[in-house]
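Reproduced below: query_4.csv, with CSV, C-alpha atoms.
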chain,number,residue,atom,x,y,z
A,1010,MET,CA,21.7,-91.8,103.0
A,1011,GLU,CA,21.1,-95.4,102.4
A,1012,LYS,CA,24.6,-97.0,102.5
A,1013,ALA,CA,23.3,-100.2,100.8
A,1014,LYS,CA,22.5,-98.2,97.6
A,1015,SER,CA,25.9,-96.7,97.4
A,1016,ILE,CA,27.6,-100.0,98.2
A,1017,HIS,CA,25.7,-101.6,95.4
A,1018,LEU,CA,26.7,-99.0,92.9
A,1019,LEU,CA,30.3,-99.1,94.0
A,1020,ASN,CA,30.4,-102.9,93.7
A,1021,LYS,CA,29.0,-102.7,90.2
A,1022,ALA,CA,31.8,-100.3,89.4
A,1023,VAL,CA,34.3,-102.8,90.9
A,1024,ALA,CA,33.0,-105.5,88.6
A,1025,ASP,CA,33.3,-103.1,85.6
A,1026,GLU,CA,36.8,-102.0,86.5
A,1027,LEU,CA,38.0,-105.7,87.1
A,1028,GLN,CA,36.6,-106.5,83.7
A,1029,ALA,CA,38.5,-103.6,82.1
A,1030,VAL,CA,41.7,-104.7,83.8
A,1031,HIS,CA,41.4,-108.2,82.6
A,1032,GLN,CA,40.4,-107.1,79.1
A,1033,TYR,CA,43.1,-104.5,78.8
A,1034,MET,CA,45.9,-106.8,80.0
A,1035,TYR,CA,44.7,-109.5,77.5
A,1036,PHE,CA,45.0,-106.9,74.7
A,1037,HIS,CA,48.4,-105.7,76.2
A,1038,PHE,CA,49.8,-109.3,76.0
A,1039,HIS,CA,48.6,-110.0,72.5
A,1040,LEU,CA,49.5,-106.6,71.0
A,1041,ASP,CA,53.0,-106.9,72.5
A,1042,ASP,CA,53.3,-110.4,71.0
A,1043,GLN,CA,52.3,-109.0,67.6
A,1044,GLY,CA,55.1,-106.4,67.9
A,1045,PHE,CA,52.9,-103.4,68.5
A,1046,LYS,CA,54.9,-102.2,71.6
A,1047,PRO,CA,53.6,-98.6,71.9
A,1048,LEU,CA,49.9,-99.7,71.6
A,1049,SER,CA,50.5,-102.6,74.0
A,1050,GLN,CA,52.1,-100.2,76.5
A,1051,LEU,CA,49.1,-97.9,76.3
A,1052,PHE,CA,46.8,-100.8,77.3
A,1053,LYS,CA,49.2,-101.7,80.2
A,1054,ARG,CA,49.3,-98.2,81.5
A,1055,ILE,CA,45.5,-97.8,81.4
A,1056,ALA,CA,45.0,-101.2,83.0
A,1057,ILE,CA,47.2,-100.0,85.9
A,1058,GLN,CA,45.1,-96.8,86.1
A,1059,GLU,CA,41.9,-99.0,86.2
A,1060,THR,CA,43.5,-101.0,89.1
A,1061,GLY,CA,43.9,-97.6,90.9
A,1062,HIS,CA,40.2,-97.1,90.4
A,1063,LEU,CA,39.5,-100.5,92.0
A,1064,GLU,CA,41.5,-99.4,95.0
A,1065,VAL,CA,39.5,-96.2,95.6
A,1066,LEU,CA,36.2,-98.0,95.0
A,1067,ALA,CA,37.2,-100.6,97.5
A,1068,ASP,CA,38.3,-98.0,100.1
A,1069,ARG,CA,34.9,-96.3,99.8
A,1070,ILE,CA,33.0,-99.6,100.1
A,1071,LEU,CA,34.9,-100.5,103.2
A,1072,PHE,CA,34.4,-97.0,104.7
A,1073,LEU,CA,30.6,-97.5,104.2
A,1074,LYS,CA,31.0,-100.9,106.1
A,1075,GLY,CA,30.3,-103.0,103.0
A,1076,ASP,CA,32.1,-105.9,101.5
A,1077,VAL,CA,34.1,-105.6,98.3
A,1078,GLU,CA,32.8,-108.1,95.7
A,1079,MET,CA,35.8,-109.0,93.5
A,1080,VAL,CA,33.9,-110.5,90.5
A,1081,ALA,CA,34.5,-109.2,87.0
A,1082,ALA,CA,31.5,-108.1,85.0
A,1083,GLY,CA,32.1,-110.7,82.3
A,1084,PRO,CA,34.6,-112.8,80.4
A,1085,VAL,CA,37.5,-111.5,78.4
A,1086,GLU,CA,36.7,-111.1,74.7
A,1087,LYS,CA,39.3,-112.6,72.5
A,1088,ILE,CA,39.9,-110.0,69.9
A,1089,LEU,CA,43.3,-109.8,68.2
A,1090,GLU,CA,43.0,-107.2,65.4
A,1091,PRO,CA,44.3,-103.8,66.6
A,1092,GLU,CA,41.5,-101.8,65.0
A,1093,ALA,CA,38.8,-104.1,66.4
A,1094,ILE,CA,40.4,-103.9,69.8
A,1095,LEU,CA,40.2,-100.1,69.8
A,1096,VAL,CA,36.6,-100.2,68.7
A,1097,LYS,CA,35.9,-102.5,71.6
A,1098,VAL,CA,37.7,-100.4,74.2
A,1099,MET,CA,36.2,-97.1,73.1
A,1100,ALA,CA,32.8,-98.7,73.6
A,1101,MET,CA,33.8,-99.9,77.0
A,1102,GLU,CA,35.0,-96.4,78.0
A,1103,GLU,CA,31.8,-94.8,76.7
A,1104,ASP,CA,29.7,-97.2,78.7
A,1105,GLY,CA,31.8,-96.5,81.8
A,1106,VAL,CA,31.2,-92.7,81.3
A,1107,LYS,CA,27.5,-93.3,81.0
A,1108,THR,CA,27.3,-95.7,83.9
A,1109,TYR,CA,29.4,-93.5,86.3
A,1110,ASN,CA,27.4,-90.4,85.4
A,1111,GLN,CA,24.2,-92.3,86.3
A,1112,ALA,CA,25.8,-93.6,89.5
A,1113,ALA,CA,26.8,-90.0,90.4
A,1114,GLN,CA,23.3,-88.9,89.9
A,1115,GLU,CA,21.9,-91.7,92.0
A,1116,CYS,CA,24.4,-90.9,94.8
A,1117,ALA,CA,23.3,-87.3,94.7
A,1118,ALA,CA,19.7,-88.4,95.1
A,1119,ASN,CA,20.8,-90.6,97.9
A,1120,ALA,CA,22.5,-87.7,99.7
A,1121,ASP,CA,26.0,-89.4,99.4
A,1122,ALA,CA,28.2,-86.5,98.2
A,1123,ALA,CA,31.5,-88.3,98.7
A,1124,THR,CA,30.5,-91.3,96.6
A,1125,LYS,CA,29.0,-88.9,94.0
A,1126,GLN,CA,32.4,-87.1,93.8
A,1127,LEU,CA,34.3,-90.4,93.4
A,1128,PHE,CA,32.1,-91.3,90.4
A,1129,GLU,CA,32.5,-87.9,88.9
A,1130,ARG,CA,36.3,-88.3,89.1
A,1131,LEU,CA,36.0,-91.7,87.4
A,1132,VAL,CA,34.0,-90.1,84.6
A,1133,GLY,CA,36.9,-87.7,83.9
A,1134,ASP,CA,39.4,-90.6,83.9
A,1135,GLU,CA,37.3,-92.7,81.6
A,1136,GLU,CA,36.8,-89.8,79.2
A,1137,GLY,CA,40.6,-89.4,79.1
A,1138,HIS,CA,41.1,-93.1,78.4
A,1139,PHE,CA,38.5,-92.9,75.6
A,1140,ASP,CA,40.4,-89.9,74.1
A,1141,GLN,CA,43.7,-91.9,74.1
A,1142,TYR,CA,42.1,-94.9,72.4
A,1143,GLU,CA,40.2,-92.7,69.9
A,1144,LYS,CA,43.5,-91.0,68.9
A,1145,GLN,CA,45.0,-94.4,68.2
A,1146,HIS,CA,41.9,-95.5,66.2
A,1147,ASP,CA,42.0,-92.3,64.2
A,1148,ASN,CA,45.6,-92.8,63.3
A,1149,ILE,CA,44.9,-96.4,62.1
A,1150,LYS,CA,42.0,-95.0,60.0
A,1151,ARG,CA,44.2,-92.2,58.7
A,1152,PHE,CA,47.4,-94.0,58.0
A,1153,GLY,CA,46.2,-97.6,57.7
A,1154,LEU,CA,48.6,-100.5,58.1
A,1155,SER,CA,51.5,-98.1,57.8
A,1156,TYR,CA,50.8,-96.7,61.3
A,1157,LEU,CA,50.8,-100.2,62.8
A,1158,ALA,CA,53.9,-101.2,60.8
A,1159,LEU,CA,55.8,-98.3,62.3
A,1160,GLN,CA,54.8,-99.4,65.7
A,1161,SER,CA,56.2,-102.9,65.0
A,1162,PHE,CA,59.6,-101.3,64.2
A,1163,GLY,CA,59.7,-99.4,67.4
A,1164,GLY,CA,60.5,-102.4,69.6
A,1165,ALA,CA,62.8,-104.0,67.1
A,1166,ALA,CA,64.8,-100.9,66.3
A,1167,ARG,CA,66.3,-100.8,69.8
A,1168,GLY,CA,67.9,-104.2,69.4
A,1169,PRO,CA,69.6,-106.0,72.2
A,1170,PRO,CA,71.2,-104.1,75.1
A,1171,ALA,CA,74.8,-103.1,74.6
A,1172,GLY,CA,77.4,-105.7,75.5
A,1173,GLU,CA,75.3,-108.6,74.2

Can you dump the structure from the file as structure tokens?
Amino acid sequence: MEKAKSIHLLNKAVADELQAVHQYMYFHFHLDDQGFKPLSQLFKRIAIQETGHLEVLADRILFLKGDVEMVAAGPVEKILEPEAILVKVMAMEEDGVKTYNQAAQECAANADAATKQLFERLVGDEEGHFDQYEKQHDNIKRFGLSYLALQSFGGAARGPPAGE
């Protein structure tokens, strides 16, 4: 096994996961500000899961005696429309699945079974994220603005805590 190859692939994944965390939190903040609480919370939950991915990637890099490069893959895209946001994140997750499948294959060819398994686990997680985003996108397509309007009432319907 050539550790440098695996470390390179793992650091590329770190960059992608950092990018996802930054992008998803940006969407979380703005969707919450627009009153779309359930959708904003989905982005927050998945950003936290992506942070967990960062941790396991970093652990593996350090195990292989590499250095974790904490540089995001690119800048945050400033998209504010919910449907456009979902199109963007579905593309990000599809790209993650493709990239991690390729990385798993490269690790197999490099006789690094543990890193291969890590990438395979990430593939499953990214497919799950895609599925969650796709369901939201499908609901917007099916129900239009009514679906988003119902989300805006979700946060307001609770009102202030009792006693205020």

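Taking atom CA of Asp1076 of chain A and atom CA of Tyr1035 of chain A as endpoints, the distance between them is 27.3 Å.
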
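Between atom CA of Leu1159 of chain A and atom CA of His1031 of chain A the interatomic distance comes to 26.8 Å.
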
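When all atoms listed in the file are used to compute distances to Met1079 of chain A, the closest of the residues A:Leu1154, A:Leu1066, A:Ala1093, A:Met1034 turns out to be A:Leu1066.
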
I'd like the neighbourhood of Phe1052 of chain A as number ranges by chain, where a residue qualifies if any of its atoms comes within 7 Å (using all atoms listed in the file), though same-chain residues fewer than 6 positions away should be ignored.
A: 1033-1034, 1036-1037

Would you pick out the contacts of Val1065 of chain A at 12 Å or less, using all atoms listed in the file, so that residues sharing its chain but fewer than 2 positions from it are not included, and give the list as a CSV table (one decimal) with C-alpha atoms, in the coordinates of the input?
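So out-v2.csv came out as:
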chain,number,residue,atom,x,y,z
A,1019,LEU,CA,30.3,-99.1,94.0
A,1020,ASN,CA,30.4,-102.9,93.7
A,1022,ALA,CA,31.8,-100.3,89.4
A,1023,VAL,CA,34.3,-102.8,90.9
A,1026,GLU,CA,36.8,-102.0,86.5
A,1058,GLN,CA,45.1,-96.8,86.1
A,1059,GLU,CA,41.9,-99.0,86.2
A,1060,THR,CA,43.5,-101.0,89.1
A,1061,GLY,CA,43.9,-97.6,90.9
A,1062,HIS,CA,40.2,-97.1,90.4
A,1063,LEU,CA,39.5,-100.5,92.0
A,1067,ALA,CA,37.2,-100.6,97.5
A,1068,ASP,CA,38.3,-98.0,100.1
A,1069,ARG,CA,34.9,-96.3,99.8
A,1070,ILE,CA,33.0,-99.6,100.1
A,1071,LEU,CA,34.9,-100.5,103.2
A,1072,PHE,CA,34.4,-97.0,104.7
A,1077,VAL,CA,34.1,-105.6,98.3
A,1123,ALA,CA,31.5,-88.3,98.7
A,1124,THR,CA,30.5,-91.3,96.6
A,1126,GLN,CA,32.4,-87.1,93.8
A,1127,LEU,CA,34.3,-90.4,93.4
A,1128,PHE,CA,32.1,-91.3,90.4
A,1130,ARG,CA,36.3,-88.3,89.1
A,1131,LEU,CA,36.0,-91.7,87.4

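The gap separating atom CA of Lys1097 of chain A from atom CA of Lys1046 of chain A is 19.0 Å, in Å to one decimal.
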
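Closest approach to Val1106 of chain A from the set A:Ile1149, A:Leu1040, A:Val1132, A:Ala1024 is made by A:Val1132, with distances taken over only C-alpha atoms.
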
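Proximity of A:Ala1118, A:Leu1027, A:Leu1048, A:Leu1073 to Tyr1142 of chain A, computed with only C-alpha atoms, is greatest for A:Leu1048.
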
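With all atoms listed in the file as the basis for measurement, A:Leu1018 is the residue among A:Leu1018, A:Val1080, A:Ile1057, A:Val1030 that approaches Lys1125 of chain A most closely.
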
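Distance check against Lys1087 of chain A using all atoms listed in the file: of A:Gln1141, A:Ser1015, A:Gln1032, A:Gln1043, the minimum falls on A:Gln1032.
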
Quick one: of A:Leu1089, A:Ala1013, A:Met1101, A:Ala1158, who's nearest to Gly1075 of chain A, counting only C-alpha atoms?
A:Ala1013

Please, could N, CA and C atoms be added to segment 1114-1126 of chain A and the result written as an mmCIF file, in the frame of the given file?
data_model
loop_
_atom_site.group_PDB
_atom_site.id
_atom_site.type_symbol
_atom_site.label_atom_id
_atom_site.label_comp_id
_atom_site.auth_asym_id
_atom_site.auth_seq_id
_atom_site.Cartn_x
_atom_site.Cartn_y
_atom_site.Cartn_z
ATOM 1 N N GLN A 1114 24.584 -89.441 89.747
ATOM 2 C CA GLN A 1114 23.300 -88.900 89.900
ATOM 3 C C GLN A 1114 22.473 -89.621 91.013
ATOM 4 N N GLU A 1115 22.596 -90.952 91.012
ATOM 5 C CA GLU A 1115 21.900 -91.700 92.000
ATOM 6 C C GLU A 1115 22.460 -91.455 93.421
ATOM 7 N N CYS A 1116 23.760 -91.269 93.504
ATOM 8 C CA CYS A 1116 24.400 -90.900 94.800
ATOM 9 C C CYS A 1116 23.933 -89.567 95.275
ATOM 10 N N ALA A 1117 23.803 -88.624 94.358
ATOM 11 C CA ALA A 1117 23.300 -87.300 94.700
ATOM 12 C C ALA A 1117 21.903 -87.391 95.287
ATOM 13 N N ALA A 1118 21.055 -88.172 94.609
ATOM 14 C CA ALA A 1118 19.700 -88.400 95.100
ATOM 15 C C ALA A 1118 19.634 -89.075 96.418
ATOM 16 N N ASN A 1119 20.670 -89.859 96.702
ATOM 17 C CA ASN A 1119 20.800 -90.600 97.900
ATOM 18 C C ASN A 1119 21.519 -89.841 99.038
ATOM 19 N N ALA A 1120 21.819 -88.578 98.772
ATOM 20 C CA ALA A 1120 22.500 -87.700 99.700
ATOM 21 C C ALA A 1120 23.894 -88.286 100.133
ATOM 22 N N ASP A 1121 24.619 -88.837 99.152
ATOM 23 C CA ASP A 1121 26.000 -89.400 99.400
ATOM 24 C C ASP A 1121 26.944 -88.596 98.503
ATOM 25 N N ALA A 1122 27.322 -87.419 98.966
ATOM 26 C CA ALA A 1122 28.200 -86.500 98.200
ATOM 27 C C ALA A 1122 29.554 -87.082 97.919
ATOM 28 N N ALA A 1123 30.133 -87.778 98.881
ATOM 29 C CA ALA A 1123 31.500 -88.300 98.700
ATOM 30 C C ALA A 1123 31.548 -89.357 97.610
ATOM 31 N N THR A 1124 30.576 -90.254 97.598
ATOM 32 C CA THR A 1124 30.500 -91.300 96.600
ATOM 33 C C THR A 1124 30.214 -90.643 95.213
ATOM 34 N N LYS A 1125 29.352 -89.643 95.210
ATOM 35 C CA LYS A 1125 29.000 -88.900 94.000
ATOM 36 C C LYS A 1125 30.324 -88.312 93.399
ATOM 37 N N GLN A 1126 31.129 -87.668 94.228
ATOM 38 C CA GLN A 1126 32.400 -87.100 93.800
ATOM 39 C C GLN A 1126 33.351 -88.110 93.230
#
